[in-house]
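Visitor: File run_13.cif follows (mmCIF, C-alpha atoms):
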data_target
#
loop_
_atom_site.group_PDB
_atom_site.id
_atom_site.type_symbol
_atom_site.label_atom_id
_atom_site.label_comp_id
_atom_site.auth_asym_id
_atom_site.auth_seq_id
_atom_site.Cartn_x
_atom_site.Cartn_y
_atom_site.Cartn_z
ATOM 1 C CA LEU A 129 -37.684 13.803 -52.782
ATOM 2 C CA ALA A 130 -34.417 15.199 -51.474
ATOM 3 C CA GLY A 131 -34.051 16.400 -47.889
ATOM 4 C CA HIS A 132 -36.110 19.241 -46.461
ATOM 5 C CA VAL A 133 -38.669 19.352 -49.279
ATOM 6 C CA TYR A 134 -41.903 21.019 -48.171
ATOM 7 C CA VAL A 135 -45.087 19.832 -49.890
ATOM 8 C CA GLU A 136 -48.329 21.727 -49.284
ATOM 9 C CA SER A 137 -51.713 19.990 -49.134
ATOM 10 C CA GLY A 138 -53.282 18.620 -52.295
ATOM 11 C CA ALA A 139 -50.076 18.566 -54.357
ATOM 12 C CA ARG A 140 -49.839 15.677 -56.850
ATOM 13 C CA PHE A 141 -46.738 13.938 -58.208
ATOM 14 C CA SER A 142 -46.501 11.725 -61.275
ATOM 15 C CA GLY A 143 -43.841 9.045 -61.626
ATOM 16 C CA LEU A 144 -40.079 9.231 -61.977
ATOM 17 C CA ILE A 145 -39.566 12.798 -60.811
ATOM 18 C CA GLY A 146 -36.702 14.272 -58.847
ATOM 19 C CA VAL A 147 -37.154 17.156 -56.409
ATOM 20 C CA HIS A 148 -34.079 19.090 -55.243
ATOM 21 C CA GLN A 149 -33.504 19.698 -51.541
ATOM 22 C CA PHE A 150 -35.081 22.750 -49.891
ATOM 23 C CA VAL A 151 -37.720 23.085 -52.629
ATOM 24 C CA ARG A 152 -41.343 23.914 -51.797
ATOM 25 C CA VAL A 153 -44.251 22.458 -53.763
ATOM 26 C CA GLY A 154 -47.351 24.633 -53.548
ATOM 27 C CA ARG A 155 -50.903 23.696 -52.691
ATOM 28 C CA MET A 156 -52.770 21.713 -55.367
ATOM 29 C CA ALA A 157 -49.810 21.814 -57.770
ATOM 30 C CA MET A 158 -49.394 18.945 -60.232
ATOM 31 C CA ILE A 159 -45.947 17.748 -61.317
ATOM 32 C CA GLY A 160 -45.838 15.725 -64.533
ATOM 33 C CA GLY A 161 -43.816 12.557 -64.936
ATOM 34 C CA MET A 162 -40.095 12.505 -65.678
ATOM 35 C CA SER A 163 -39.699 16.079 -64.366
ATOM 36 C CA ARG A 164 -36.670 17.585 -62.624
ATOM 37 C CA ILE A 165 -37.755 20.080 -59.967
ATOM 38 C CA GLU A 166 -34.984 22.365 -58.766
ATOM 39 C CA ARG A 167 -36.995 25.473 -57.851
ATOM 40 C CA ASP A 168 -40.211 26.162 -55.955
ATOM 41 C CA VAL A 169 -43.412 24.988 -57.663
ATOM 42 C CA PRO A 170 -46.150 27.643 -57.379
ATOM 43 C CA PRO A 171 -49.519 26.620 -55.949
ATOM 44 C CA TYR A 172 -52.272 25.566 -58.372
ATOM 45 C CA MET A 173 -49.891 25.150 -61.334
ATOM 46 C CA LEU A 174 -49.187 22.240 -63.671
ATOM 47 C CA VAL A 175 -45.431 21.772 -64.022
ATOM 48 C CA GLU A 176 -43.514 19.353 -66.217
ATOM 49 C CA GLY A 177 -40.298 18.844 -68.079
ATOM 50 C CA ASN A 178 -36.552 18.733 -67.764
ATOM 51 C CA PRO A 179 -35.886 21.526 -67.082
ATOM 52 C CA ALA A 180 -39.282 21.971 -65.471
ATOM 53 C CA ARG A 181 -41.581 24.739 -66.681
ATOM 54 C CA VAL A 182 -45.026 25.907 -65.592
ATOM 55 C CA ARG A 183 -47.341 24.814 -68.411
ATOM 56 C CA SER A 184 -50.768 25.922 -67.152
ATOM 57 C CA LEU A 185 -53.056 26.012 -64.168
ATOM 58 C CA ASN A 186 -53.934 22.615 -62.715
ATOM 59 C CA LEU A 187 -57.449 23.101 -64.068
ATOM 60 C CA ILE A 188 -58.711 19.553 -63.536
ATOM 61 C CA GLY A 189 -57.545 19.434 -59.914
ATOM 62 C CA LEU A 190 -58.924 22.898 -59.205
ATOM 63 C CA LYS A 191 -62.314 22.108 -60.767
ATOM 64 C CA ARG A 192 -62.574 18.852 -58.829
ATOM 65 C CA ALA A 193 -61.841 20.746 -55.606
ATOM 66 C CA GLY A 194 -64.469 23.372 -56.418
ATOM 67 C CA VAL A 195 -62.002 26.274 -56.479
ATOM 68 C CA GLU A 196 -63.201 29.492 -58.141
ATOM 69 C CA LEU A 197 -60.969 29.936 -61.198
ATOM 70 C CA THR A 198 -61.626 33.507 -62.341
ATOM 71 C CA ALA A 199 -58.946 35.267 -60.266
ATOM 72 C CA LEU A 200 -56.432 32.417 -60.663
ATOM 73 C CA LYS A 201 -56.767 32.458 -64.457
ATOM 74 C CA LYS A 202 -56.102 36.198 -64.519
ATOM 75 C CA ALA A 203 -53.157 35.779 -62.144
ATOM 76 C CA PHE A 204 -51.717 33.030 -64.370
ATOM 77 C CA ARG A 205 -51.926 35.315 -67.422
ATOM 78 C CA LEU A 206 -50.174 38.091 -65.519
ATOM 79 C CA LEU A 207 -47.420 35.784 -64.317
ATOM 80 C CA TYR A 208 -46.731 33.757 -67.442
ATOM 81 C CA ARG A 209 -48.237 35.429 -70.503
ATOM 82 C CA SER A 210 -48.006 39.198 -69.978
ATOM 83 C CA GLY A 211 -44.257 39.708 -70.266
ATOM 84 C CA LEU A 212 -44.163 41.387 -66.833
ATOM 85 C CA THR A 213 -41.444 40.616 -64.316
ATOM 86 C CA LEU A 214 -42.452 38.546 -61.307
ATOM 87 C CA ASN A 215 -42.614 41.605 -59.033
ATOM 88 C CA GLU A 216 -44.629 43.598 -61.585
ATOM 89 C CA ALA A 217 -47.097 40.720 -61.996
ATOM 90 C CA ILE A 218 -47.497 40.310 -58.234
ATOM 91 C CA ALA A 219 -48.163 44.036 -57.925
ATOM 92 C CA GLN A 220 -50.978 43.679 -60.484
ATOM 93 C CA PHE A 221 -52.710 41.106 -58.230
ATOM 94 C CA ASP A 222 -54.190 44.073 -56.330
ATOM 95 C CA LEU A 223 -56.402 44.761 -59.358
ATOM 96 C CA LEU A 224 -57.870 41.233 -59.345
ATOM 97 C CA PRO A 225 -60.932 40.055 -57.381
ATOM 98 C CA ASP A 226 -59.806 39.092 -53.896
ATOM 99 C CA SER A 227 -59.879 35.388 -53.095
ATOM 100 C CA GLU A 228 -58.151 33.067 -50.665
ATOM 101 C CA PRO A 229 -56.340 31.101 -53.428
ATOM 102 C CA LEU A 230 -55.028 34.342 -54.949
ATOM 103 C CA HIS A 231 -53.834 35.526 -51.522
ATOM 104 C CA HIS A 232 -52.063 32.187 -50.962
ATOM 105 C CA LEU A 233 -50.427 32.329 -54.421
ATOM 106 C CA ARG A 234 -49.188 35.862 -53.777
ATOM 107 C CA GLN A 235 -47.764 34.951 -50.381
ATOM 108 C CA PHE A 236 -46.020 31.883 -51.834
ATOM 109 C CA LEU A 237 -44.474 33.874 -54.705
ATOM 110 C CA GLU A 238 -43.252 36.592 -52.365
ATOM 111 C CA GLN A 239 -41.554 33.960 -50.198
ATOM 112 C CA THR A 240 -39.762 32.448 -53.207
ATOM 113 C CA GLN A 241 -37.844 35.712 -53.549
ATOM 114 C CA LEU A 242 -36.293 35.585 -50.080
ATOM 115 C CA PRO A 243 -32.475 35.338 -50.085
ATOM 116 C CA ASP A 244 -32.395 31.733 -48.838
ATOM 117 C CA ARG A 245 -34.780 30.454 -51.561
ATOM 118 C CA ARG A 246 -33.905 28.998 -54.970
ATOM 119 C CA GLY A 247 -36.598 30.975 -56.815
ATOM 120 C CA VAL A 248 -39.725 29.890 -58.638
ATOM 121 C CA ILE A 249 -40.003 27.656 -61.700
ATOM 122 C CA PRO A 250 -40.409 29.834 -64.812
ATOM 123 C CA GLY A 251 -43.146 29.482 -67.400
ATOM 124 C CA LYS A 252 -42.663 28.082 -70.846
ATOM 125 C CA ARG A 253 -40.953 30.465 -73.185
ATOM 126 C CA ALA A 254 -43.040 32.308 -75.730
ATOM 127 C CA LYS A 255 -42.384 31.372 -79.326
ATOM 128 C CA VAL A 256 -40.625 34.079 -81.247
ATOM 129 C CA ARG A 257 -42.081 34.767 -84.685
ATOM 130 C CA SER A 258 -39.588 35.178 -87.460
ATOM 131 C CA GLU A 259 -39.956 38.272 -89.597
ATOM 132 C CA GLU A 260 -40.936 37.496 -93.145
#
Now that the file is in, can you turn its structure into structure tokens?

Guide:
Amino acid sequence: LAGHVYVESGARFSGLIGVHQFVRVGRMAMIGGMSRIERDVPPYMLVEGNPARVRSLNLIGLKRAGVELTALKKAFRLLYRSGLTLNEAIAQFDLLPDSEPLHHLRQFLEQTQLPDRRGVIPGKRAKVRSEE
């Protein structure tokens, strides 16, 4: 971990990872081994790779902690599968059932957009189908 890294409660790290300075790792996030983390890791997400990408929700960790998954699953789809921009996806959170984890995720994502932040780790890129 480089200097001034902020790690929220319940975050998990696998081996041989590097985390850039001034990065935040969200609550109950899981970072897979051999990953390079240079942007903020959203809460409740599973992140891996070099460059790092959000792969899915940290479902096992969330289930073990007894967290209600309905709103988080919908939020994940909005953020990483809908094709919306980050701000558009966050705006859609108002339509989801209110929960403390969803509120925390929203607050975290809004803070990643402040001028002094490095941004949030993107999701994996959708596969483009070739036209036949």

Visitor: List the neighbours of range 194-209 of chain A out to 7 Å using all atoms listed in the file; skip same-chain residues closer than 4 positions along the sequence, and give me the result as a PDB file with C-alpha atoms, in the coordinates of the input.

Guide:
ATOM      1  CA  LEU A 190     -58.924  22.898 -59.205  1.00  0.00           C
ATOM      2  CA  LEU A 214     -42.452  38.546 -61.307  1.00  0.00           C
ATOM      3  CA  ALA A 217     -47.097  40.720 -61.996  1.00  0.00           C
ATOM      4  CA  PHE A 221     -52.710  41.106 -58.230  1.00  0.00           C
ATOM      5  CA  LEU A 224     -57.870  41.233 -59.345  1.00  0.00           C
ATOM      6  CA  PRO A 225     -60.932  40.055 -57.381  1.00  0.00           C
ATOM      7  CA  LEU A 230     -55.028  34.342 -54.949  1.00  0.00           C
ATOM      8  CA  GLY A 251     -43.146  29.482 -67.400  1.00  0.00           C
TER       9      GLY A 251
END

Visitor: Please report the interatomic distance between CA of His148 in chain A and CA of Glu166 in chain A in Å with one decimal.

Guide: 4.9 Å

Visitor: So how far away is CA of Leu242 in chain A from CA of Leu187 in chain A, in Å?

Guide: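 About the pair CA of Leu187 in chain A and CA of Leu242 in chain A: they are 28.3 Å apart.
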
Visitor: Excluding Asp168 in chain A and residues on its chain fewer than 5 positions from it, collect all residues at most 10 Å away from it, counting all atoms listed in the file, and give them as an MDAnalysis selection string.

Guide: chainID A and resid 133:134 147:148 150:154 236:237 239:240 245:250

Visitor: I'd like the interatomic distance between CA of Ser184 in chain A and CA of Met156 in chain A, to a tenth of an Å.

Guide: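 Atom-to-atom, CA of Ser184 in chain A and CA of Met156 in chain A are spaced 12.7 Å apart.
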
Visitor: Translate the PyMOL selection byres ((chain A and resi 146) around 12), as applied to the file shown, into an explicit residue set as a PyMOL selection string.

Guide: chain A and resi 129-131+133+141-145+147-149+151+159-167+176-180

Visitor: From the set A:Ile188, A:Val175, A:Val135, A:Met158, which residue has the shortest atom-to-atom contact distance to Lys252 in chain A, counting all atoms listed in the file?

Guide: A:Val175

Visitor: Taking only C-alpha atoms into account, name the residue in A:Val169, A:Thr213, A:Ile218, A:Gly138 that is nearest to His231 in chain A.

Guide: A:Ile218

Visitor: Could you list, as a PyMOL selection string, every residue matched by the PyMOL selection byres ((chain A and resi 172) around 6) in this structure?

Guide: chain A and resi 156-157+171+173+185-186

Visitor: Can you write out the residues you just picked, keeping C-alpha atoms, as a PDB file, in the frame of the given file?

Guide:
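This went into selection21.pdb:
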ATOM      1  CA  MET A 156     -52.770  21.713 -55.367  1.00  0.00           C
ATOM      2  CA  ALA A 157     -49.810  21.814 -57.770  1.00  0.00           C
ATOM      3  CA  PRO A 171     -49.519  26.620 -55.949  1.00  0.00           C
ATOM      4  CA  MET A 173     -49.891  25.150 -61.334  1.00  0.00           C
ATOM      5  CA  LEU A 185     -53.056  26.012 -64.168  1.00  0.00           C
ATOM      6  CA  ASN A 186     -53.934  22.615 -62.715  1.00  0.00           C
TER       7      ASN A 186
END

Visitor: Measuring atom to atom with only C-alpha atoms, identify which of A:Arg155, A:Gln241, A:Leu223, A:Pro170 is nearest to Ser137 in chain A.

Guide: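 Using only C-alpha atoms, Ser137 in chain A sits closest to A:Arg155.
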